[in-house]
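Engineer: Next up is a structure, given as structure tokens.
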Amino acid sequence: MINRRKFIHASVFSSLAGAISQRFTNIPKEALVNQPVVVSTWDVGIEANKGAWEVLRNGGRALDAVEQGVMVTESSRSCCVGLQANPDRDGYVTLDACIMDEAFNCGSVAFLERIKHPISVARRVMEKTPHVMLVGSGARQFAIAEGFPLEEEKLYPEAKKAYENWLKKGIYAPVINIENHDTIGMVAMDAKGNLSGSCTTSGMAFKMRGRVGDSPIIGAGLFVDNEVGACTATGQGEDVIRVAGSHTVVEFMRQGMSPETACKKVIERIARIKKDKAKDIQVAFVALNKRGQAGSFALNKGFSYAIRNNSTEKLITAKSLF
Ligand code: ASP
């Protein structure tokens with residue numbers, strides 16, 4: 001028999017928990033659907049999702065999945081993320097990455113050179129330091145101390161060719177779209193219903209030396225709130241930072257919007273800010289809510305995202321404003 005004290009404790013606790021979940025999520029309390037699931041940006045997301053799925057299908061943690069998943073892209077010679085990417089305008093490849101788990105733990109590195117897996121360094125920042133973000137030579141020093149090998153300073157042949165070509169005119173007018181994107185963002189839910197996310201990039205090709213975009217900025221390139229959902233961004237980082245893009249998408253999901261509608265609202269906000277320049281840039285968001293529902297929205301045509309769960313593995317063309 002439940003005694004009075006225990007009864008009061010139990011009922012206070014359950015109504016408090018109910019109020020908290022109502023206040024923080026506004027999401028109906030149905031059973032979670034379609035878990036586990038992983039969603040990531042661009043067509044490279046298909047391969048990256050395979051890496052993440054190895055973890056998720058074996059009952060692994062979403063945090064491990066989003067790290068393993070984007071490491072596939074960081075290692076891929078055919079992609080634009082990682083040491084094989086295009087350099088900055090001075091000829092150096094500089095990498096940015098961040099990761100976030102289900103308990104608001106997060107780690108980030110920016111302006112990191114000569115380290116193959118910035119996402120794993122970001123995770124070490126999260127797990128082994130009292131900080132969220134390390135940059136430049138400090139980030140590299142930390143990576144080396146953690147046992148990450150320091151790679152040779154060089155450009156891969158395709159990047160070298162692209163750089164030499166760019167140097168002929170030296171005009172910096174980036175348009176990030178199908179052929180020109182240097183980022184993978186990934187969000188996932190595991191079998192326990194926990195969310196995590198990762199984002200890794202070489203930033204814009206031929207950027208100013210020292211330039212950092214949205215990708216390693218928690219709240220801009222990535223945000224996870226385990227009671228609501230997760231979001232990651234790609235595209236012109238400056239315009240994602242301006243609106244705290246991924247955090248704002250999660251806040252719209254908290255108000256009850258679907259992932260797609262939440263992404264669309266933030267894209268519309270960016271379009272309002274950019275006015276007649278909105279058609280010249282690309283920005284896209286990919287979001288996942290606590291019920292395992294995924295959605296995306298882009299500013300301009302040409303953005304695709306990849307999804308994998310127990311029943312499907314596919315690339316989807318995102319809807320766009322223009
Ligand atoms: N968001 C990245 C940046 O601004 C670029 C990209 O998504 O391709 O650095």
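By order of appearance in the structure tokens: chains A, B, ..., then residues from 1 within every chain, and ligands from 1 in the order shown.
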Taking only C-alpha atoms and all ligand atoms into account, which residues have an atom no farther than 10 Å from ligand 1? I'd like them as a VMD selection string.
Structural biologist: chain A and resid 41 to 42 80 to 81 95 to 97 174 to 185 199 to 205 207 211 to 216 220 to 221 232 to 241 282 to 285
Engineer: As a ChimeraX atom specification, please: all residues of segment 206-264 of chain A that backbone DSSP puts in strand (DSSP E).
Structural biologist: /A:222-225,229-235
Engineer: Determine, using only C-alpha atoms, which residues of segment 136-238 of chain A have any atom at most 12 Å from an atom of segment 287-294 of chain A, and tabulate each with its shortest atom pair and distance in Å to one decimal place, rows ordered by chain and then rising number, as a tab-separated table.
Structural biologist:
residue	atom	partner	partner_atom	distance
A:Gly185	CA	A:Ala287	CA	10.2
A:Met186	CA	A:Ala287	CA	9.1
A:Val187	CA	A:Leu288	CA	6.8
A:Ala188	CA	A:Leu288	CA	7.4
A:Met189	CA	A:Gly292	CA	6.8
A:Asp190	CA	A:Gly292	CA	9.4
A:Ala191	CA	A:Gly292	CA	10.4
A:Lys192	CA	A:Lys290	CA	11.0
A:Gly193	CA	A:Lys290	CA	7.2
A:Asn194	CA	A:Lys290	CA	8.1
A:Leu195	CA	A:Lys290	CA	7.6
A:Ser196	CA	A:Leu288	CA	10.0
A:Gly197	CA	A:Leu288	CA	9.9
A:Gly221	CA	A:Ala287	CA	11.5
A:Leu222	CA	A:Ala287	CA	9.8
A:Phe223	CA	A:Ala287	CA	9.6
A:Val224	CA	A:Leu288	CA	9.4
A:Asp225	CA	A:Lys290	CA	9.0
A:Asn226	CA	A:Lys290	CA	7.1
A:Glu227	CA	A:Lys290	CA	6.6
A:Val228	CA	A:Lys290	CA	5.4
A:Gly229	CA	A:Asn289	CA	3.9
A:Ala230	CA	A:Leu288	CA	5.3
A:Cys231	CA	A:Ala287	CA	4.2
A:Thr232	CA	A:Ala287	CA	6.5
A:Ala233	CA	A:Ala287	CA	8.8
A:Thr234	CA	A:Ala287	CA	11.8
Engineer: I'd like the neighbourhood of Leu112 of chain A as a ChimeraX atom specification, where a residue qualifies if any of its atoms comes within 12 Å (using only C-alpha atoms), though same-chain residues fewer than 6 positions away should be ignored.
Structural biologist: /A:82-83,92-98,118-119,121-122,133-144,150-151,200-203,209-212,216
Engineer: Going by DSSP on the backbone, which residues of segment 80-236 of chain A come out as alpha helix (DSSP H)? List them as a PyMOL selection string.
Structural biologist: chain A and resi 118-128+136-145+157-169
Engineer: Write the residues of the preceding selection, restricted to N, CA, C and O atoms, as a tab-separated table (two decimals), in the first residue's frame.
Structural biologist:
chain	number	residue	atom	x	y	z
A	118	PRO	N	38.64	16.56	-37.11
A	118	PRO	CA	38.27	17.63	-36.17
A	118	PRO	C	37.06	17.28	-35.29
A	118	PRO	O	36.98	17.74	-34.15
A	119	ILE	N	36.16	16.45	-35.82
A	119	ILE	CA	34.97	16.12	-35.01
A	119	ILE	C	35.37	15.39	-33.74
A	119	ILE	O	34.77	15.59	-32.67
A	120	SER	N	36.40	14.54	-33.86
A	120	SER	CA	36.83	13.77	-32.67
A	120	SER	C	37.57	14.66	-31.69
A	120	SER	O	37.51	14.46	-30.47
A	121	VAL	N	38.27	15.68	-32.23
A	121	VAL	CA	38.92	16.63	-31.33
A	121	VAL	C	37.84	17.44	-30.59
A	121	VAL	O	37.94	17.68	-29.38
A	122	ALA	N	36.78	17.81	-31.33
A	122	ALA	CA	35.67	18.54	-30.69
A	122	ALA	C	35.06	17.71	-29.56
A	122	ALA	O	34.76	18.22	-28.48
A	123	ARG	N	34.94	16.42	-29.81
A	123	ARG	CA	34.38	15.55	-28.76
A	123	ARG	C	35.31	15.50	-27.55
A	123	ARG	O	34.86	15.49	-26.40
A	124	ARG	N	36.62	15.46	-27.80
A	124	ARG	CA	37.57	15.47	-26.67
A	124	ARG	C	37.48	16.79	-25.89
A	124	ARG	O	37.62	16.80	-24.67
A	125	VAL	N	37.30	17.90	-26.61
A	125	VAL	CA	37.14	19.19	-25.91
A	125	VAL	C	35.94	19.08	-24.97
A	125	VAL	O	36.00	19.49	-23.80
A	126	MET	N	34.87	18.48	-25.49
A	126	MET	CA	33.65	18.32	-24.69
A	126	MET	C	33.88	17.43	-23.47
A	126	MET	O	33.43	17.74	-22.37
A	127	GLU	N	34.61	16.34	-23.69
A	127	GLU	CA	34.70	15.33	-22.64
A	127	GLU	C	35.89	15.54	-21.69
A	127	GLU	O	35.86	15.06	-20.57
A	128	LYS	N	36.93	16.23	-22.19
A	128	LYS	CA	38.14	16.26	-21.36
A	128	LYS	C	38.56	17.64	-20.90
A	128	LYS	O	39.61	17.78	-20.28
A	136	GLY	N	42.45	27.37	-33.37
A	136	GLY	CA	43.78	27.61	-33.92
A	136	GLY	C	44.86	26.73	-33.33
A	136	GLY	O	44.69	25.53	-33.16
A	137	SER	N	46.00	27.38	-33.03
A	137	SER	CA	47.15	26.60	-32.57
A	137	SER	C	46.86	25.93	-31.22
A	137	SER	O	47.38	24.85	-30.94
A	138	GLY	N	46.01	26.55	-30.42
A	138	GLY	CA	45.65	25.94	-29.13
A	138	GLY	C	44.87	24.65	-29.33
A	138	GLY	O	45.09	23.65	-28.64
A	139	ALA	N	43.96	24.68	-30.32
A	139	ALA	CA	43.18	23.46	-30.63
A	139	ALA	C	44.11	22.36	-31.14
A	139	ALA	O	43.99	21.19	-30.78
A	140	ARG	N	45.07	22.77	-31.97
A	140	ARG	CA	46.00	21.77	-32.52
A	140	ARG	C	46.90	21.20	-31.43
A	140	ARG	O	47.13	20.00	-31.36
A	141	GLN	N	47.37	22.09	-30.57
A	141	GLN	CA	48.21	21.64	-29.44
A	141	GLN	C	47.45	20.63	-28.58
A	141	GLN	O	47.99	19.59	-28.18
A	142	PHE	N	46.19	20.92	-28.32
A	142	PHE	CA	45.36	20.00	-27.53
A	142	PHE	C	45.19	18.67	-28.26
A	142	PHE	O	45.32	17.60	-27.67
A	143	ALA	N	44.93	18.74	-29.59
A	143	ALA	CA	44.74	17.52	-30.38
A	143	ALA	C	46.00	16.64	-30.31
A	143	ALA	O	45.91	15.42	-30.09
A	144	ILE	N	47.16	17.27	-30.47
A	144	ILE	CA	48.41	16.50	-30.44
A	144	ILE	C	48.60	15.88	-29.05
A	144	ILE	O	48.94	14.69	-28.93
A	145	ALA	N	48.33	16.66	-28.02
A	145	ALA	CA	48.46	16.13	-26.65
A	145	ALA	C	47.52	14.95	-26.42
A	145	ALA	O	47.81	14.05	-25.63
A	157	PRO	N	45.72	16.92	-54.63
A	157	PRO	CA	45.84	17.37	-56.02
A	157	PRO	C	44.64	18.18	-56.54
A	157	PRO	O	44.82	19.23	-57.15
A	158	GLU	N	43.42	17.72	-56.25
A	158	GLU	CA	42.25	18.47	-56.78
A	158	GLU	C	42.11	19.84	-56.15
A	158	GLU	O	41.78	20.82	-56.83
A	159	ALA	N	42.39	19.90	-54.87
A	159	ALA	CA	42.30	21.18	-54.17
A	159	ALA	C	43.39	22.12	-54.68
A	159	ALA	O	43.16	23.33	-54.84
A	160	LYS	N	44.57	21.55	-54.95
A	160	LYS	CA	45.70	22.36	-55.44
A	160	LYS	C	45.33	22.98	-56.78
A	160	LYS	O	45.54	24.18	-57.02
A	161	LYS	N	44.72	22.13	-57.63
A	161	LYS	CA	44.31	22.61	-58.95
A	161	LYS	C	43.27	23.73	-58.83
A	161	LYS	O	43.37	24.79	-59.47
A	162	ALA	N	42.28	23.49	-57.97
A	162	ALA	CA	41.22	24.49	-57.79
A	162	ALA	C	41.80	25.79	-57.24
A	162	ALA	O	41.41	26.89	-57.66
A	163	TYR	N	42.74	25.66	-56.32
A	163	TYR	CA	43.35	26.86	-55.72
A	163	TYR	C	44.16	27.64	-56.75
A	163	TYR	O	44.04	28.87	-56.85
A	164	GLU	N	44.93	26.91	-57.55
A	164	GLU	CA	45.74	27.58	-58.57
A	164	GLU	C	44.85	28.29	-59.58
A	164	GLU	O	45.13	29.39	-60.03
A	165	ASN	N	43.76	27.66	-59.89
A	165	ASN	CA	42.77	28.24	-60.79
A	165	ASN	C	42.17	29.51	-60.19
A	165	ASN	O	42.04	30.54	-60.84
A	166	TRP	N	41.82	29.41	-58.90
A	166	TRP	CA	41.23	30.55	-58.20
A	166	TRP	C	42.20	31.72	-58.13
A	166	TRP	O	41.82	32.88	-58.29
A	167	LEU	N	43.50	31.40	-57.92
A	167	LEU	CA	44.51	32.46	-57.78
A	167	LEU	C	44.62	33.35	-59.02
A	167	LEU	O	45.02	34.51	-58.92
A	168	LYS	N	44.24	32.78	-60.19
A	168	LYS	CA	44.34	33.56	-61.43
A	168	LYS	C	43.55	34.86	-61.32
A	168	LYS	O	43.99	35.91	-61.76
A	169	LYS	N	42.37	34.77	-60.68
A	169	LYS	CA	41.58	36.00	-60.51
A	169	LYS	C	41.57	36.46	-59.05
A	169	LYS	O	41.49	37.65	-58.77
Engineer: At what distance in Å, to one decimal, does atom CA of Lys319 of chain A lie from atom CA of Gly295 of chain A?
Structural biologist: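 Rounded to one decimal, the two atoms are 9.6 Å apart.
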Engineer: So, counting only C-alpha atoms, which residue among A:Lys314, A:Lys301, A:Arg57, A:Lys264 is closest to Val39 of chain A?
Structural biologist: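 With only C-alpha atoms as the atom set, the closest residue is A:Lys314.
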Engineer: Expressed in Å to a single decimal, how great is the separation between atom CA of Ala278 of chain A and atom CA of Leu299 of chain A?
Structural biologist: 7.5 Å
Engineer: By how many Å are atom CA of Glu113 of chain A and atom CA of Glu152 of chain A apart?
Structural biologist: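 Going from atom CA of Glu113 of chain A over to atom CA of Glu152 of chain A, I get 9.9 Å.
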Engineer: Counting only C-alpha atoms, figure out which residue out of A:Ala85, A:Ile46, A:Val37, A:Ala298 gets nearest to Gly60 of chain A.
Structural biologist: A:Val37
Engineer: With distances taken over only C-alpha atoms, which of A:Met71, A:Ala262, A:Ile218, A:Leu315 is nearest to Asp101 of chain A?
Structural biologist: A:Ile218
